[in-house]
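Q: What follows is entry14.cif, made up of mmCIF, C-alpha atoms and all ligand atoms:
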data_structure
loop_
_atom_site.label_atom_id
_atom_site.label_comp_id
_atom_site.auth_asym_id
_atom_site.auth_seq_id
_atom_site.Cartn_x
_atom_site.Cartn_y
_atom_site.Cartn_z
CA MET A 1 64.68 120.17 121.73
CA PHE A 2 68.48 119.98 121.64
CA GLY A 3 70.17 121.37 118.53
CA ALA A 4 73.21 119.31 117.58
CA VAL A 5 76.31 119.42 115.39
CA VAL A 6 78.28 116.45 114.12
CA VAL A 7 82.06 116.87 114.08
CA GLY A 8 83.81 114.62 111.55
CA LEU A 9 81.99 113.38 108.50
CA GLY A 10 83.24 109.81 108.12
CA VAL A 11 81.32 106.57 108.56
CA ALA A 12 80.11 107.27 112.11
CA GLY A 13 79.41 110.98 111.54
CA SER A 14 77.24 110.27 108.48
CA VAL A 15 75.22 107.72 110.43
CA ARG A 16 74.70 110.24 113.24
CA ILE A 17 73.24 112.74 110.75
CA ARG A 18 71.06 110.07 109.14
CA ASP A 19 69.70 108.98 112.52
CA MET A 20 68.93 112.50 113.71
CA LEU A 21 67.09 113.22 110.45
CA ALA A 22 64.88 110.17 111.05
CA PRO A 23 64.86 109.42 114.79
CA LEU A 24 63.11 106.37 116.16
CA PRO A 25 59.47 107.50 116.51
CA GLY A 26 58.32 107.93 120.10
CA SER A 27 61.87 107.63 121.47
CA ALA A 28 64.14 110.09 123.27
CA ALA A 29 66.16 110.38 120.05
CA GLU A 30 63.42 112.76 118.91
CA LYS A 31 64.79 115.27 121.44
CA LEU A 32 67.72 115.91 119.09
CA THR A 33 67.63 117.99 115.96
CA ILE A 34 70.57 118.31 113.58
CA LYS A 35 71.73 121.91 113.00
CA GLY A 36 74.93 121.36 111.06
CA PHE A 37 78.17 119.47 110.62
CA ILE A 38 81.83 120.41 111.02
CA SER A 39 84.48 119.23 108.62
CA ARG A 40 88.04 120.33 107.91
CA ARG A 41 87.16 120.24 104.24
CA SER A 42 84.85 122.82 102.72
CA MET A 43 81.77 120.92 101.64
CA GLY A 44 78.28 121.52 100.31
CA PRO A 45 75.20 120.32 102.20
CA GLN A 46 75.35 116.68 103.31
CA GLN A 47 72.05 114.80 103.52
CA GLY A 48 70.50 118.30 103.30
CA VAL A 49 72.45 119.53 106.35
CA GLU A 50 74.69 122.63 106.15
CA GLN A 51 78.33 122.89 107.19
CA VAL A 52 79.01 125.20 110.14
CA SER A 53 82.28 126.57 111.49
CA VAL A 54 83.68 125.47 114.84
CA SER A 55 83.28 128.96 116.29
CA ASP A 56 79.64 129.14 115.16
CA ALA A 57 78.93 125.79 116.74
CA LEU A 58 80.60 126.84 119.99
CA ASN A 59 78.78 130.18 120.17
CA ARG A 60 75.30 129.60 118.77
CA ASP A 61 72.56 129.35 121.41
CA ASP A 62 70.50 126.98 119.29
CA ILE A 63 73.35 124.45 119.33
CA SER A 64 73.68 122.70 122.68
CA VAL A 65 75.07 119.30 121.67
CA ALA A 66 78.12 118.00 119.79
CA PHE A 67 78.67 114.51 118.40
CA VAL A 68 82.42 113.95 118.12
CA CYS A 69 82.98 111.46 115.31
CA THR A 70 86.55 112.22 114.24
CA GLU A 71 89.48 109.82 114.33
CA ASN A 72 90.44 108.89 117.89
CA GLU A 73 93.47 111.17 118.11
CA ALA A 74 91.29 114.27 117.67
CA HIS A 75 88.65 113.33 120.27
CA GLU A 76 90.21 114.84 123.38
CA GLU A 77 90.74 118.34 122.02
CA THR A 78 87.33 118.53 120.34
CA VAL A 79 85.44 117.20 123.35
CA ARG A 80 87.24 119.68 125.63
CA GLN A 81 86.35 122.63 123.38
CA PHE A 82 82.64 121.80 123.41
CA LEU A 83 82.48 121.01 127.12
CA GLU A 84 84.24 124.29 127.88
CA ALA A 85 81.55 126.06 125.82
CA GLY A 86 78.89 124.40 128.01
CA LYS A 87 77.67 121.95 125.35
CA HIS A 88 76.63 118.33 125.93
CA VAL A 89 78.91 115.86 124.15
CA CYS A 90 78.48 112.38 122.77
CA VAL A 91 81.88 111.08 121.66
CA GLU A 92 82.49 107.89 119.68
CA TYR A 93 84.66 105.45 121.60
CA PRO A 94 87.38 105.77 122.81
CA MET A 95 86.83 109.15 124.44
CA THR A 96 90.57 109.82 124.74
CA LEU A 97 93.88 108.06 124.27
CA ASN A 98 94.89 108.34 127.91
CA TYR A 99 93.15 107.91 131.23
CA LYS A 100 94.16 111.24 132.80
CA ALA A 101 92.55 113.25 130.01
CA ALA A 102 89.30 111.30 130.33
CA VAL A 103 89.12 112.07 134.06
CA GLU A 104 89.70 115.76 133.30
CA LEU A 105 86.97 115.79 130.65
CA TRP A 106 84.49 114.14 132.97
CA ASP A 107 85.31 116.63 135.72
CA LEU A 108 84.78 119.45 133.23
CA ALA A 109 81.40 118.05 132.16
CA GLU A 110 80.26 117.79 135.78
CA LYS A 111 81.54 121.29 136.59
CA ASN A 112 79.58 122.72 133.64
CA GLY A 113 76.47 120.63 134.34
CA VAL A 114 76.43 118.92 130.93
CA ILE A 115 76.12 115.31 129.78
CA LEU A 116 79.19 113.50 128.48
CA GLN A 117 78.62 110.14 126.83
CA GLU A 118 81.10 107.73 125.29
CA GLU A 119 79.27 105.74 122.61
CA HIS A 120 79.25 101.96 123.14
CA ILE A 121 77.26 100.36 120.34
CA GLU A 122 78.85 96.97 121.05
CA LEU A 123 76.66 96.69 124.15
CA PHE A 124 73.55 96.75 121.94
CA THR A 125 74.63 93.87 119.70
CA ALA A 126 72.82 90.50 119.64
CA ASP A 127 76.18 88.76 120.34
CA TYR A 128 76.71 90.71 123.52
CA LYS A 129 73.15 90.18 124.75
CA TRP A 130 73.47 86.43 124.04
CA LEU A 131 76.77 86.23 125.95
CA LYS A 132 75.44 88.26 128.87
CA GLU A 133 72.55 85.84 129.28
CA LYS A 134 74.86 82.78 129.15
CA VAL A 135 77.38 84.23 131.59
CA GLU A 136 74.86 85.53 134.16
CA GLY A 137 75.34 83.75 137.49
CA GLN A 138 78.22 81.55 136.19
CA ARG A 139 81.66 81.32 137.76
CA LEU A 140 84.47 81.83 135.26
CA GLN A 141 87.47 79.51 135.51
CA GLU A 142 89.46 81.16 132.74
CA GLY A 143 88.78 82.82 129.40
CA ALA A 144 90.08 84.35 126.21
CA LEU A 145 88.78 86.81 123.64
CA HIS A 146 90.75 87.11 120.42
CA PHE A 147 89.77 89.88 118.01
CA THR A 148 91.11 90.06 114.47
CA GLY A 149 90.54 92.84 111.95
CA GLY A 150 92.09 94.85 109.14
CA SER A 151 95.05 97.17 109.79
CA LEU A 152 94.36 100.04 112.13
CA LYS A 153 93.59 103.27 110.25
CA PRO A 154 96.01 106.19 110.81
CA ARG A 155 95.17 108.50 113.75
CA PHE A 156 93.19 105.81 115.59
CA GLY A 157 95.77 105.35 118.39
CA PHE A 158 97.15 102.27 120.07
CA LEU A 159 95.53 98.84 119.95
CA ALA A 160 94.42 98.85 123.58
CA PHE A 161 92.39 102.05 123.06
CA SER A 162 91.03 101.25 119.62
CA GLY A 163 89.89 97.89 121.05
CA ILE A 164 87.86 99.46 123.85
CA ALA A 165 84.68 97.75 122.61
CA ARG A 166 86.18 94.31 123.31
CA LEU A 167 87.48 95.33 126.73
CA THR A 168 84.09 96.83 127.60
CA TRP A 169 82.48 93.47 126.82
CA LEU A 170 84.91 91.73 129.19
CA VAL A 171 84.32 94.22 131.99
CA GLU A 172 80.54 94.11 131.61
CA LEU A 173 80.60 90.30 131.52
CA PHE A 174 83.17 89.51 134.22
CA GLY A 175 83.44 92.61 136.41
CA TRP A 176 86.39 94.82 137.32
CA LEU A 177 89.72 93.59 135.91
CA SER A 178 93.40 94.23 136.49
CA VAL A 179 96.34 93.99 134.08
CA ASN A 180 98.79 91.23 134.93
CA LYS A 181 100.96 91.53 131.83
CA ALA A 182 100.73 92.90 128.29
CA THR A 183 102.89 92.33 125.24
CA ILE A 184 102.93 93.70 121.72
CA GLU A 185 104.20 92.42 118.39
CA GLU A 186 104.48 94.99 115.62
CA ASP A 187 105.56 94.88 112.02
CA PRO A 188 105.06 98.49 110.81
CA ASN A 189 106.28 97.66 107.29
CA ASN A 190 103.37 95.30 106.89
CA ASN A 191 100.84 97.29 108.95
CA TYR A 192 100.59 94.36 111.35
CA SER A 193 100.18 94.57 115.13
CA LYS A 194 99.10 92.21 117.87
CA MET A 195 98.57 92.99 121.54
CA THR A 196 98.15 90.25 124.12
CA ALA A 197 96.87 91.40 127.49
CA HIS A 198 96.78 89.02 130.44
CA LEU A 199 94.02 90.24 132.70
CA LEU A 200 92.78 89.03 136.07
CA THR A 201 89.25 89.10 137.44
CA LYS A 202 88.65 90.18 141.04
CA ASP A 203 88.87 86.53 142.15
CA ASN A 204 92.11 86.02 140.23
CA ARG A 205 90.70 84.18 137.21
CA SER A 206 92.79 84.60 134.10
CA LEU A 207 91.33 86.39 131.05
CA THR A 208 93.43 86.78 127.93
CA TRP A 209 92.50 89.59 125.55
CA ILE A 210 94.14 89.62 122.12
CA GLU A 211 93.78 92.40 119.52
CA GLU A 212 95.34 91.42 116.23
CA ARG A 213 95.23 93.64 113.16
CA GLY A 214 96.77 93.31 109.77
CA PRO A 215 95.98 93.51 106.06
CA GLY A 216 93.44 90.90 105.03
CA LEU A 217 92.64 89.66 108.54
CA PRO A 218 88.90 88.95 108.78
CA ARG A 219 86.89 91.01 111.25
CA ALA A 220 86.08 88.34 113.82
CA LYS A 221 85.90 87.56 117.52
CA ASN A 222 86.97 84.16 118.82
CA ILE A 223 86.02 83.28 122.36
CA ASN A 224 86.89 80.58 124.86
CA PHE A 225 85.22 81.07 128.22
CA LYS A 226 85.43 78.16 130.67
CA PHE A 227 82.90 77.99 133.47
CA ASP A 228 82.45 75.35 136.19
CA SER A 229 80.01 73.26 134.15
CA PHE A 230 80.43 74.33 130.48
CA THR A 231 82.66 76.12 127.99
CA LEU A 232 81.65 78.73 125.42
CA THR A 233 83.76 78.58 122.29
CA GLU A 234 81.52 80.17 119.70
CA LEU A 235 79.32 83.17 119.32
CA PRO A 236 75.90 82.50 117.81
CA PRO A 237 75.55 82.63 114.00
CA PRO A 238 74.86 86.19 112.80
CA ALA A 239 71.28 87.07 113.66
CA SER A 240 69.16 89.05 111.26
CA ARG A 241 69.64 92.75 111.90
CA GLY A 242 67.39 94.16 114.60
CA ALA A 243 64.75 96.66 113.58
CA VAL A 244 66.58 99.45 115.42
CA GLY A 245 70.17 100.15 114.35
CA LEU A 246 73.00 100.15 116.91
CA PHE A 247 73.83 103.85 116.54
CA MET A 248 70.12 104.67 116.83
CA GLN A 249 69.99 102.78 120.13
CA ASP A 250 72.96 104.81 121.33
CA LEU A 251 71.16 108.00 120.23
CA VAL A 252 68.05 106.99 122.19
CA LEU A 253 70.20 106.49 125.29
CA PHE A 254 71.90 109.87 124.85
CA GLY A 255 68.53 111.58 124.26
CA ALA A 256 67.18 109.97 127.45
CA LYS A 257 70.15 111.35 129.40
CA LEU A 258 69.56 114.85 127.99
CA ALA A 259 65.88 114.59 128.93
CA GLY A 260 66.78 113.63 132.52
CA GLN A 261 65.30 110.15 132.11
CA VAL A 262 68.42 108.27 133.24
CA SER A 263 69.09 108.03 136.98
CA LEU A 264 72.17 109.58 138.52
CA GLU A 265 73.10 106.14 139.80
CA GLU A 266 73.07 104.73 136.25
CA LEU A 267 75.08 107.71 134.93
CA GLN A 268 77.69 107.18 137.65
CA ARG A 269 77.85 103.43 136.99
CA GLU A 270 78.51 104.09 133.32
CA LYS A 271 81.16 106.71 134.09
CA ARG A 272 82.97 104.31 136.46
CA ARG A 273 82.97 101.58 133.80
CA VAL A 274 84.26 103.90 131.04
CA LEU A 275 87.06 105.21 133.28
CA HIS A 276 87.93 101.71 134.48
CA CYS A 277 88.34 100.51 130.88
CA LEU A 278 90.41 103.55 129.93
CA SER A 279 92.65 103.04 132.98
CA LEU A 280 93.29 99.42 131.94
CA GLU A 281 94.07 100.54 128.38
CA ASP A 282 96.41 103.20 129.70
CA LYS A 283 98.25 100.59 131.74
CA GLN A 284 98.48 98.15 128.81
CA THR A 285 99.77 100.89 126.53
CA ARG A 286 102.38 102.00 129.05
CA THR A 287 103.47 98.40 129.52
CA THR A 288 103.77 97.73 125.80
CA HIS A 289 104.93 101.13 124.52
CA GLY A 290 106.56 102.80 127.51
CA ARG A 291 106.70 106.54 127.17
CA ARG A 292 105.27 106.56 123.64
CA GLN A 293 101.73 106.41 125.03
CA ASN A 294 100.98 110.09 124.55
CA MET A 295 102.25 110.34 120.98
P1 LIG A 301 86.36 107.83 109.51
O1 LIG A 301 87.82 107.84 109.23
O2 LIG A 301 85.39 107.30 108.51
O3 LIG A 301 85.86 109.31 109.84
C1 LIG A 301 86.57 110.27 110.59
C2 LIG A 301 86.25 111.62 109.96
O4 LIG A 301 86.63 112.68 110.86
C3 LIG A 301 87.02 111.87 108.65
O5 LIG A 301 86.09 112.28 107.66
C4 LIG A 301 87.98 113.03 109.00
O6 LIG A 301 88.26 113.86 107.90
C5 LIG A 301 87.18 113.75 110.07
N1 LIG A 301 87.96 114.59 110.99
C6 LIG A 301 89.10 114.28 111.63
N2 LIG A 301 89.51 115.31 112.43
C7 LIG A 301 88.57 116.30 112.29
C8 LIG A 301 88.41 117.59 112.84
N3 LIG A 301 89.31 118.10 113.69
N4 LIG A 301 87.33 118.32 112.47
C9 LIG A 301 86.41 117.83 111.62
N5 LIG A 301 86.53 116.60 111.03
C10 LIG A 301 87.58 115.83 111.37
O7 LIG A 301 86.19 107.06 110.91
P2 LIG A 301 84.88 106.37 111.52
O8 LIG A 301 84.86 104.93 111.21
O9 LIG A 301 83.68 107.20 111.22
O10 LIG A 301 85.22 106.48 113.06
C11 LIG A 301 85.09 107.70 113.75
C12 LIG A 301 84.99 107.42 115.24
O11 LIG A 301 83.87 106.58 115.49
C13 LIG A 301 86.20 106.70 115.79
O12 LIG A 301 86.45 107.20 117.08
C14 LIG A 301 85.74 105.26 115.91
O13 LIG A 301 86.40 104.58 116.96
C15 LIG A 301 84.27 105.47 116.23
N6 LIG A 301 83.42 104.34 115.89
C16 LIG A 301 83.19 104.02 114.58
C17 LIG A 301 82.38 102.94 114.28
C18 LIG A 301 82.07 102.56 112.86
O14 LIG A 301 81.28 101.64 112.67
N7 LIG A 301 82.65 103.21 111.88
C19 LIG A 301 81.79 102.20 115.30
C20 LIG A 301 82.02 102.56 116.61
C21 LIG A 301 82.84 103.65 116.89
#
Please lay out the structure from this file as structure tokens.
A:
Amino acid sequence: MFGAVVVGLGVAGSVRIRDMLAPLPGSAAEKLTIKGFISRRSMGPQQGVEQVSVSDALNRDDISVAFVCTENEAHEETVRQFLEAGKHVCVEYPMTLNYKAAVELWDLAEKNGVILQEEHIELFTADYKWLKEKVEGQRLQEGALHFTGGSLKPRFGFLAFSGIARLTWLVELFGWLSVNKATIEEDPNNNYSKMTAHLLTKDNRSLTWIEERGPGLPRAKNINFKFDSFTLTELPPPASRGAVGLFMQDLVLFGAKLAGQVSLEELQREKRRVLHCLSLEDKQTRTTHGRRQNM
């Protein structure tokens, strides 16, 4: 069994606790047992789980795993602390807000012989699975993915990084990408921002990725993917929720890694994809915000 702490008790952190208290029966998620949570506020038990201090979590032998569920800006420091203490880490995406730090964290995990996972629940969604099936074996001519959503919460970083789930879709669907150009429109007084990234596939097909956030914008993804013989312009209507929640599926994957049930080849493939996406985001952020990227 792997004793775990959850750092950050917001939406994602609460779901992590819930899922560890009732793991999917017969799955690798049963390898994890919740030992406590870490919050900056002093709190009573949450879902029956006690608060622990950071130093306790780093030093206790019965705690070998940390789930980092804080706002994005706090990920890097927290992940580093736990990896340095020899703990396995599952961090909600994005792992960091710059590429260099992510490479350092991965090196640290490998040096200390622990698992580092960046959560990617978007790859478990029915929409993604539907798209993957449609796109398989097709040759893209050109495409666009336009995401809209409410204003970005404070401490969540730049649009390119907070939108990693959309970029991960594009990379998993169309392969390695490069950044041709990226622009940003911002209206801080109205909490509005829009990034347009012009990406290229390996065979120079154009893919436009737009992240647009502002008050009242509906959470939605609009697609336009042109292939040789057909065009996809709509995602399927919302399917009924699967029996197994998205975060639970991510927990099962993480548990399988801890139990040594995931091949080294698969672990390396995932690491390459995560770092590739973060390198693209780094480049987009530098292009659109210059030296402000590390703020
Ligand atoms: P949230 O704002 O609800 O929760 C963040 C929590 O972390 C807050 O309670 C905050 O007080 C706490 N926190 C911040 N710094 C801390 C620290 N140093 N120590 C302890 N606690 C700290 O945000 P959220 O929606 O739960 O998102 C958290 C992370 O999960 C983000 O990285 C986000 O990208 C990722 N994520 C969330 C969802 C989702 O559905 N909410 C889905 C995928 C990924």
Q: How would you write as a list in words the residues that get within 12 Å of (84.7, 110.5, 105.4) in the file's frame, counting all atoms listed in the file?
A: Val7, Gly8, Leu9, Gly10, Val11, Ala12, Gly13, Ser14, Val15, Ile38, Ser39, Arg40, Arg41, Met43, Gln46, Cys69, Thr70 and Glu71 of chain A
Q: Which one of A:Val103, A:Leu246, A:Met1, A:Leu21 sits closest to ligand LIG 301 (chain A) if you count all atoms listed in the file?
A: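 That would be A:Leu246, the residue with the smallest distance to ligand LIG 301 (chain A).
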Q: Can you list, as a VMD selection string, every protein, DNA or RNA residue that comes within 12 Å of Asn98 of chain A when you count only C-alpha atoms, leaving out same-chain residues fewer than 3 positions away?
A: chain A and resid 72 to 73 75 to 76 94 to 95 101 to 105 157 to 158 160 to 162 274 to 286 291 to 295
Q: So, with all atoms listed in the file as the atoms that count, which of A:Leu83, A:Val135, A:Leu258, A:Leu152 lies closest to ligand LIG 301 (chain A)?
A: A:Leu152
Q: Rounded to one decimal in Å, what is the spacing between atom CA of Glu119 of chain A and atom CA of Ser193 of chain A?
A: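 Here the two named atoms are 24.9 Å from each other.
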